[in-house]
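Undergrad: First, the structure itself, so that you have it in front of you.
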Amino acid sequence: MNYKKIILLSLMLGFGICVSQAQKTMNLQQAIETGIKNNIDVLQSGLLTDKSEILWKQSRMQMLPNLNGNINQGINYGKSIDPFTNTFINQNVSFGSYGASSNLLLFNGLSLQNQIKANKLGYEASQMELQQAKDNLTINIILAYLQVLSSKDILKQAQEQVNVTINQVNRLALLNDTGAISPSNYYDVKGQLASEQVTISNSKANLETAKLNLTQLLNIPYDKNLEAEPLPDELIDANSMTGPDEIYQTALKQFAQVKAAELRTQSAEKNVRSIRGSLYPTLSFGANINTNYSSVAAANQFIGSTIKPSSDYVDINGTHYPVYQQSNNYTVQKLNFNKQLNDNLFYTLNIGLTIPLFNASRVRSQVKVAKIDMESSRLREENTKVLLQQAIERAYVNLVSSADKYKLLLDQVNSFEESFRIAEVKFNSGVITSVDYLVAKNNLDQSKSNLIISKYDFILREKILNFYAGKVI
């Protein structure tokens, strides 16, 4: 009973492993999404896009007035001047001054407005460059994915070749044991089997290398159990593809790399205008509010008046009568903090005009450099369009050639299949030697391998053209 449980548990575990391996199958869309999510270059391009967005938003904030506060607090020791009586005192005095200021730029030759436009165009260009990084990675992933499928099909083809040869070796071994055939026929085919087994070993290595390249491109750990899901069968025909001129015109309107180059040129133009604006006068409006405090600040407070004799007198008939006079009495009272802030509060408003007269031609030199950068951006834009047109033309020619090659190889495979069928019948009947048989077999095997390679070469070139045409790949 225990053995039955062990066997049942082993079967369940084996089934679980098979399911787990089946879940590791990846289709092309999943591969592209994984690569874009994990690729370092794409992530870096995304950070540059975020940085460009921050610079653009910051330049917009420059249109707003600034507001700054200031606090200055300190203590004087020893002899100092009373800020209220303007007399010398010899005591410790604590003091403070407080204020706020604001400034608003009214006009600076539209320099700031053009800088905002330049930064916005730069941000849009970085978005297009991020998309271009994703597109380039997508093409590389498709290439690596197709290489896995191609290597897998070639390995399958090699295994089918070996199965045919194994059947032939088993048949010839019986005939050779009975002396019914020439031993050379048996050993020739047996040697062919060893050669094909080496081919299988190489094909397995190529398949694992292709998987490794794909996983590294996706930036995920290598897994020998990873399987690439086959693509749907496609009609290999270049006649259905749009011409290169039409594809080029479509690519000019929506190709991310072209848009990025155009936006960089427009940004450079706005940058020239922004720098040129520094040659004009700058008009600004400012406002300030300030107050201060001192620990020795005091005020005399009236508390009443009294009448008392003075040192003066009046002589009446020889008798001195003192003169009385009224005296006001005050007490010194220190001013509290809040009262001083209110009493000492003052405001200023100002309009400033700065006229650039001479600055060692710094701005003019910057304008010249910015114009050179603008012209350089235009040349890069033009070069991008030229390279794009050349790439599309080259891809289209390669697609047509690949389709023609596939059709020729398909006819070749059909011919060699019939040739091998006849050779196999003759060889089994002893009409031809093993050399003739192996020649026919090798011709068929090689033509089938070439057909597989040609098939995936066409698929790759078709997807590249679809990429230029803006179609979903």
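Order determines the names: the first chain of the structure tokens is A, the second B, and so forth; residues in each chain are numbered 1 upward, and ligands are numbered 1 upward as they are shown.
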Do a neighbour search on region 113-122 of chain A at 8 Å with only C-alpha atoms, toss out local chain neighbours closer than 2 positions, and write the hits as a list in words.

TA: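 Counting only the stated atoms, we get Ser52, Glu53, Leu55, Trp56, Ser59, Arg60, Leu110, Ser111, Glu124, Ala125, Ser126, Leu263, Arg264, Gln266, Ser267, Ala268, Glu269, Lys270, Asn271, Arg273 and Ser274 of chain A.
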
Undergrad: Ser361 (chain A): which residues within 12 Å, counting only C-alpha atoms, same-chain residues fewer than 4 positions away excluded, as JSON, numbers by chain?

TA: {"A": [276, 278, 279, 356, 357, 365, 366, 367, 368]}

Undergrad: Counting only C-alpha atoms, which residue out of A:Gln390, A:Thr348, A:Thr331, A:Thr199 sits closest to Val162 (chain A)?

TA: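 Checking each of A:Gln390, A:Thr348, A:Thr331, A:Thr199 against Val162 (chain A), counting only C-alpha atoms, the winner is A:Thr199.
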
Undergrad: Looking at A:Ser195, A:Ser102, A:Ser402, A:Ser182, which one is nearest to Ile236 (chain A), with distances taken over only C-alpha atoms?

TA: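 Closest candidate: A:Ser402.
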
Undergrad: My list of candidates is A:Ala260, A:Ala298, A:Leu226, A:Ile247. Which is closest to Leu212 (chain A) when distances are computed with only C-alpha atoms?

TA: A:Leu226

Undergrad: Pick out the residues sitting within 8 Å of Lys152 (chain A), and hand them over as a list of chain:residue names; count only C-alpha atoms, and ignore anything fewer than 4 positions along from it in its own chain.

TA: A:Val148, A:Lys156, A:Leu207

Undergrad: Compile the contact shell of region 435-438 of chain A as an mmCIF file with C-alpha atoms, in the first residue's frame: residues with an atom at most 9 Å away, counting only C-alpha atoms, same-chain residues fewer than 2 positions apart removed.

TA:
data_model
loop_
_atom_site.group_PDB
_atom_site.id
_atom_site.type_symbol
_atom_site.label_atom_id
_atom_site.label_comp_id
_atom_site.auth_asym_id
_atom_site.auth_seq_id
_atom_site.Cartn_x
_atom_site.Cartn_y
_atom_site.Cartn_z
ATOM 1 C CA ASN A 185 27.123 0.240 -47.336
ATOM 2 C CA ASP A 188 28.851 4.403 -44.655
ATOM 3 C CA VAL A 189 25.329 4.869 -43.301
ATOM 4 C CA GLN A 192 26.436 9.211 -41.523
ATOM 5 C CA PHE A 420 15.562 11.023 -52.079
ATOM 6 C CA ALA A 423 17.176 6.942 -54.139
ATOM 7 C CA GLU A 424 15.856 5.270 -50.983
ATOM 8 C CA LYS A 426 16.777 1.991 -55.202
ATOM 9 C CA PHE A 427 19.143 1.719 -52.234
ATOM 10 C CA ILE A 432 22.586 1.990 -56.007
ATOM 11 C CA THR A 433 25.408 2.257 -53.504
ATOM 12 C CA ALA A 440 20.552 12.332 -52.072
ATOM 13 C CA LYS A 441 19.854 12.384 -48.330
ATOM 14 C CA ASN A 442 22.374 15.141 -47.574
ATOM 15 C CA ASN A 443 20.977 17.239 -50.412
#

Undergrad: At a cut-off of 10 Å, using only C-alpha atoms, what residues contact Thr242 (chain A)? Leave out same-chain residues fewer than 2 positions from it and give the result as a PyMOL selection string.

TA: chain A and resi 238-240+244-247+396+465-466+469

Undergrad: Write a file of the just-selected residues containing C-alpha atoms, as a PDB file, in the first residue's frame.

TA:
ATOM      1  CA  ALA A 238       6.556  40.269 -50.889  1.00  0.00           C
ATOM      2  CA  ASN A 239       3.885  41.392 -53.384  1.00  0.00           C
ATOM      3  CA  SER A 240       1.480  42.272 -50.578  1.00  0.00           C
ATOM      4  CA  PRO A 244       9.435  51.650 -50.177  1.00  0.00           C
ATOM      5  CA  ASP A 245       8.435  55.206 -51.183  1.00  0.00           C
ATOM      6  CA  GLU A 246       5.040  54.931 -49.530  1.00  0.00           C
ATOM      7  CA  ILE A 247       6.556  53.334 -46.434  1.00  0.00           C
ATOM      8  CA  TYR A 396      12.499  46.263 -48.979  1.00  0.00           C
ATOM      9  CA  LEU A 465       9.313  46.919 -42.777  1.00  0.00           C
ATOM     10  CA  ASN A 466       6.087  46.807 -40.772  1.00  0.00           C
ATOM     11  CA  ALA A 469       5.376  51.515 -41.737  1.00  0.00           C
TER      12      ALA A 469
END

Undergrad: Interatomic distance between CA of Lys334 (chain A) and CA of Ala297 (chain A)?

TA: 5.9 Å

Undergrad: As a PyMOL selection string, which residues of region 218-340 of chain A does DSSP assign to strand (DSSP E)?

TA: chain A and resi 227-228+282-294+298-316+319-334

Undergrad: For Lys134 (chain A), which of A:Ile32, A:Ile181, A:Leu64, A:Phe95 is the closest residue, counting only C-alpha atoms?

TA: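 The closest residue to Lys134 (chain A) is A:Ile32.
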
Undergrad: Quick one: distance from CA of Tyr187 (chain A) to CA of Asn163 (chain A) in Å, one decimal?

TA: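 One can read the CA of Tyr187 (chain A) to CA of Asn163 (chain A) distance as 16.7 Å.
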
Undergrad: Once you count only C-alpha atoms, what closest atom pair and distance in Å to one decimal does each residue of region 125-193 of chain A within 8 Å of region 203-206 of chain A have, with rows by chain and rising residue number, as CSV?

TA:
residue,atom,partner,partner_atom,distance
A:Ser151,CA,A:Asn206,CA,6.4
A:Ile154,CA,A:Ser203,CA,6.9
A:Leu155,CA,A:Ser203,CA,5.2
A:Ala158,CA,A:Ser203,CA,7.8

Undergrad: Just give me the gap between CA of Gln62 (chain A) and CA of Leu345 (chain A) in Å, one decimal is fine.

TA: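 Interatomic distance, CA of Gln62 (chain A) to CA of Leu345 (chain A): 29.4 Å.
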
Undergrad: Between A:Asn202, A:Ser311, A:Asn39, A:Asn90, single out the one closest to Ala133 (chain A), counting only C-alpha atoms.

TA: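 Going through A:Asn202, A:Ser311, A:Asn39, A:Asn90 one by one, the smallest distance to Ala133 (chain A) is for A:Asn39.
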